[in-house]
Structures are given as C-alpha cells and as structure tokens.
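Engineer: Structure in structure tokens, see below.
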Amino acid sequence: MIYQIFHRTVYHYAAPVTVSHHAARVEPRALVRQVTEQFSLDIEPPPALKKTRADYFGNRVWGFAIQEVHTRLEITATSRVTVAPAAPPVLANSPAWEKVVELFSDPVSPEVVEPYQFVFDSPLLHGSPELADYARGSFAPGVPLLVAVADLNRRIFKDFKYDPVATTVATPLEEVLSKRRGVCQDFSHLAIAALRSLGLPARYVSGYLRTRPPEGKKRLVGADASHAWFSVFCPGTGWLDFDPTNNILPTQEHITVACGRDYTDVSPVTGVITGGGSHQVKVSVDVEAVETPPTSEPPPVAPG
C-alpha cells in the first residue's frame, strides 16, 4: 500500500518570538516492511539552520532554529510511504510469558540487551501492583506471551471508552485506570506500564492510521490525527505491534513514525522559545492511499 501523508502543525503566539529552537519527529521510520519513498519538511518562517540525525532509538529527528521575530510558526511534513503486507504471526507459538520474564531478569544475555531497556520505568510510566493486577487478568500461568498480550489488548479496548476530552498529556495513569476513559496515548501507556509491571519489555509507537469515512460519506481532508500504539518484544519473533484503541494488530494501515519508552521520546514537535507568551497550536493530518503520482501541494486547511 502506498500512502501520501501531510502533517501540518501551526503555532500562534500571543507575543513575538525572537529566537526558537525545535526538534521534529515527523519522518516515517525505515523498517523492513515500510519504505519512505519521499519526504520533505517545510517550515515558515524559514529556519536559519536545519539538520537531521537519528536519535538514540533510531528515530529520524529534524532540528531547526529560527532567528527572526515571528508570531506564527508553520511546520508541514510531506511523506510518501510504501507499507508491505505481512503474514499474521501464530500467537500460540510464542513462549510462555513467565519464560520471557526470566530472560529479562538479571543477568541478561547479550541477545536481549536492546529490549531489556524497555522493562524499566520511564519518564511518564511507572509500574505498580495495581497495573500488574490488571495485566494478570490476561496472564494466567503458562499462557503463551503473544496470546496473553492480545487478550490484554482486547480487554483495554473493551474496558476503556475513547474520550478525547477526558485526559491530557499530563494525566497520570492512575486516573486513566480509575476513569476508564482516554485516548490512544493513554491506552498505549496503560498497556506498556502493565506489561512492564510484570517484567516484560514493551515500547511506545507513534505514527499514522489510515481512516475510512462512513459509507456514502466523503473523506474529510486533514481530519485525521497522529495515532499511537504499543509493541512487545517476543523471543524468536522480535517486536510485535498491538493497537488497543482498535483491538487489532497493526498491518498495512498503520504507518510508523517513531518508537520510544513513552510519549516523551516521540513527541512530534518539541522546542524552546524566547518570548511568545501564551500560544495556540493546531494540528492537521491527512493520510491518503494513492495509486497514481500524488500532488506536490498539501491539502488546504482552515484559516487561522
């Protein structure tokens, strides 16, 4: 499947910004089944400096600095990505989850040092007895790891209601667990922290999801948003993605942008500014499956 993706972020500042430095993680990752054919990053006002590098987790980071006075910043990432199909894994063939926990108990072998770092707490996620208890509803003794993770994925989808106004980026997991409401970021964080509470390696994945309009309705350009899911490490399989917001295993309709311990490692745009006062931010994402060469122009957005 070939996708054309436009991701536009617009900041409006209440007061002039004199200098700003930013980092953007908006370029899709290079993966075995995912190839970025084209990518561009357009910034207005034009930056005095723009560089790209790979961060610790292998994500592509674009750093840029704006050294002119401005009250508006617009960042538009344009990607053309091919995602290949994959045969679904046989979940029951994975090892018992307790055996996997044993692999990640000190000392660990060199073969699992990389995923070992995802067993521990991270800036936004901390293991707890309550989270471990929630996970154990899926992790009975002897259950194959991926069977148990798939059931945890299903239970989060069933037990929690998608509610875009119930939480913010700063809402603690304890509150999400209590309210049983949240968004894709919350559900992914919940699954990761629950798995880590059992001693299993899990990481956060950010990206895009192709959405389909209701039958008979037109697709709304720019109405999509960034998406998030989680990934668990299974010996013999590697990292396998799960989407608790939709109770599915991501396939060709998920486009991966970045991976990390939690949202703090993959935030699409971060930065520091001098001046600015308060600000408003608007984000527009458009993911379109294409069969013919796409237009080079991004879709229109509402003024403001």
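Please note that chains go A, B, ... in the order of the structure tokens, that every chain numbers its residues from 1, and that ligands are numbered from 1 in the order shown.
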Quick one: residues within 10 Å of Val112 in chain A, only C-alpha atoms, excluding same-chain residues fewer than 5 positions away - as a list in words?
Structural biologist: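 Listing them by chain and then by number gives Leu103, Phe104, Gln117, Pro201, Phe233 and Pro235 of chain A.
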Engineer: Determine, counting only C-alpha atoms, which protein, DNA and RNA residues have an atom within 10 Å of an atom of Gln34 in chain A; residues of the same chain fewer than 5 positions away are not included. Present the result as a list in words.
Structural biologist: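 Counting only C-alpha atoms, the residues come to Met1, Ile2, Pro28, Arg29, Val81, Thr82, Val83, Ala84, Pro85, Gln252, His254, Ile255 and Thr256 of chain A.
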Engineer: Any chance you could export the current selection's C-alpha atoms as a PDB file, in the first residue's frame?
Structural biologist:
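Written out: again-v6.pdb:
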ATOM      1  CA  MET A   1       0.000   0.000   0.000  1.00  0.00           C
ATOM      2  CA  ILE A   2       1.272   3.469  -0.911  1.00  0.00           C
ATOM      3  CA  PRO A  28       8.336   7.853   8.999  1.00  0.00           C
ATOM      4  CA  ARG A  29      10.864   5.249  10.107  1.00  0.00           C
ATOM      5  CA  VAL A  81       5.401   5.806   2.170  1.00  0.00           C
ATOM      6  CA  THR A  82       5.041   2.227   0.978  1.00  0.00           C
ATOM      7  CA  VAL A  83       3.891  -0.357   3.528  1.00  0.00           C
ATOM      8  CA  ALA A  84       4.132  -4.026   2.550  1.00  0.00           C
ATOM      9  CA  PRO A  85       1.829  -6.761   3.867  1.00  0.00           C
ATOM     10  CA  GLN A 252      -0.736  -2.172   6.250  1.00  0.00           C
ATOM     11  CA  HIS A 254      -0.554   1.763  10.290  1.00  0.00           C
ATOM     12  CA  ILE A 255       2.448   3.921   9.342  1.00  0.00           C
ATOM     13  CA  THR A 256       5.196   4.022  11.986  1.00  0.00           C
TER      14      THR A 256
END
Engineer: Counting only C-alpha atoms, figure out which residue out of A:Ala132, A:Leu146, A:Ile66, A:Ala92 gets nearest to Ser197 in chain A.
Structural biologist: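 Closest candidate: A:Ala132.
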Engineer: What does the distance from CA of Gly142 in chain A to CA of Ser94 in chain A come to in Å, to one decimal?
Structural biologist: 10.9 Å
Engineer: So how far away is CA of Arg72 in chain A from CA of Ser278 in chain A, in Å?
Structural biologist: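 So the answer is 12.0 Å.
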Engineer: List the spatial neighbours of range 165-168 of chain A as a VMD selection string - criterion: any atom at most 10 Å away, only C-alpha atoms, same-chain residues fewer than 4 positions off excluded.
Structural biologist: chain A and resid 161 172 to 173 175 to 176 179 to 183 185 to 186
Engineer: Can those selected residues be exported to a file as a compact mmCIF listing (two decimals), in the first residue's frame so that it contains N, CA and C atoms?
Structural biologist:
# COMPACT_ATOMS: atom_id res chain seq x y z
N LYS A 161 -13.26 3.54 27.47
CA LYS A 161 -14.01 4.28 26.46
C LYS A 161 -13.12 5.36 25.86
N PRO A 172 -2.15 11.36 34.82
CA PRO A 172 -1.45 10.15 35.29
C PRO A 172 -2.24 8.89 34.98
N LEU A 173 -1.51 7.78 34.85
CA LEU A 173 -2.16 6.50 34.52
C LEU A 173 -3.16 6.07 35.58
N GLU A 175 -5.24 7.84 37.11
CA GLU A 175 -6.51 8.47 36.80
C GLU A 175 -7.17 7.82 35.59
N VAL A 176 -6.38 7.47 34.59
CA VAL A 176 -6.91 6.76 33.43
C VAL A 176 -7.51 5.43 33.85
N LYS A 179 -10.82 6.27 35.78
CA LYS A 179 -11.92 6.81 34.96
C LYS A 179 -12.35 5.85 33.85
N ARG A 180 -11.43 4.98 33.44
CA ARG A 180 -11.68 4.07 32.31
C ARG A 180 -12.02 4.83 31.03
N ARG A 181 -11.35 5.97 30.86
CA ARG A 181 -11.53 6.79 29.67
C ARG A 181 -10.18 7.35 29.23
N GLY A 182 -10.09 7.68 27.93
CA GLY A 182 -8.85 8.27 27.45
C GLY A 182 -8.77 8.21 25.94
N VAL A 183 -7.55 8.36 25.44
CA VAL A 183 -7.30 8.33 24.00
C VAL A 183 -6.18 7.32 23.73
N GLN A 185 -3.06 7.51 23.19
CA GLN A 185 -1.85 7.64 24.01
C GLN A 185 -2.04 7.00 25.37
N ASP A 186 -3.20 7.24 26.00
CA ASP A 186 -3.47 6.68 27.32
C ASP A 186 -3.54 5.15 27.28
Engineer: Of the residues A:Glu114, A:Glu68, A:Asp106, A:Asp121, which is the one nearest to Thr274 in chain A, using only C-alpha atoms?
Structural biologist: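 Smallest separation from Thr274 in chain A among the options: A:Glu68.
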Engineer: Residues at most 8 Å from His70 in chain A, counting only C-alpha atoms, excluding those fewer than 2 positions away in the same chain, as a count of residues only?
Structural biologist: 7
Engineer: I need the residue nearest Phe120 in chain A from this list: A:Val101, A:Cys234, A:Ala202, A:Leu49. Use only C-alpha atoms for the distance.
Structural biologist: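 Result for the nearest residue to Phe120 in chain A: A:Ala202.
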Engineer: Would you kindly return, as a JSON list (two decimals) with C-alpha atoms, in the first residue's frame, each protein, DNA or RNA residue with an atom no farther than 9 Å from any atom of Thr76 in chain A, considering only C-alpha atoms and excluding same-chain residues fewer than 5 positions away?
Structural biologist:
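out_7.json, written as the output of this step:
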[["chain", "number", "residue", "atom", "x", "y", "z"],
["A", 6, "PHE", "CA", 0.54, 15.57, 5.08],
["A", 7, "HIS", "CA", 1.18, 16.53, 8.73],
["A", 8, "ARG", "CA", 0.82, 20.25, 9.42],
["A", 9, "THR", "CA", 1.44, 21.90, 12.81],
["A", 10, "VAL", "CA", 0.71, 25.61, 13.26],
["A", 40, "SER", "CA", 10.09, 16.94, 2.84],
["A", 41, "LEU", "CA", 9.85, 19.31, 5.78],
["A", 42, "ASP", "CA", 8.68, 22.85, 5.04],
["A", 43, "ILE", "CA", 8.96, 25.47, 7.77],
["A", 44, "GLU", "CA", 7.65, 29.03, 7.80],
["A", 298, "PRO", "CA", -0.57, 19.86, 0.71]]
Engineer: In Å, how far is it from CA of Ala96 in chain A to CA of Ala148 in chain A?
Structural biologist: 9.1 Å
Engineer: Rank nothing, just name the residue among A:His22, A:Pro141, A:Tyr3, A:Glu27 nearest to Gln67 in chain A, using only C-alpha atoms.
Structural biologist: A:His22
Engineer: Got a sec to tell me which of range 52-259 of chain A DSSP assigns to alpha helix (DSSP H), as an NGL selection string?
Structural biologist: :A and (97-103 or 113-116 or 129-136 or 145-159 or 173-179 or 184-197)
Engineer: Using DSSP assignments from the backbone, pull out every residue in range 5-228 of chain A that falls under strand (DSSP E) and give it to me as a PyMOL selection string.
Structural biologist: chain A and resi 5-24+34-44+49-54+60-66+70-83+161-162+181-182+202-209+226-228
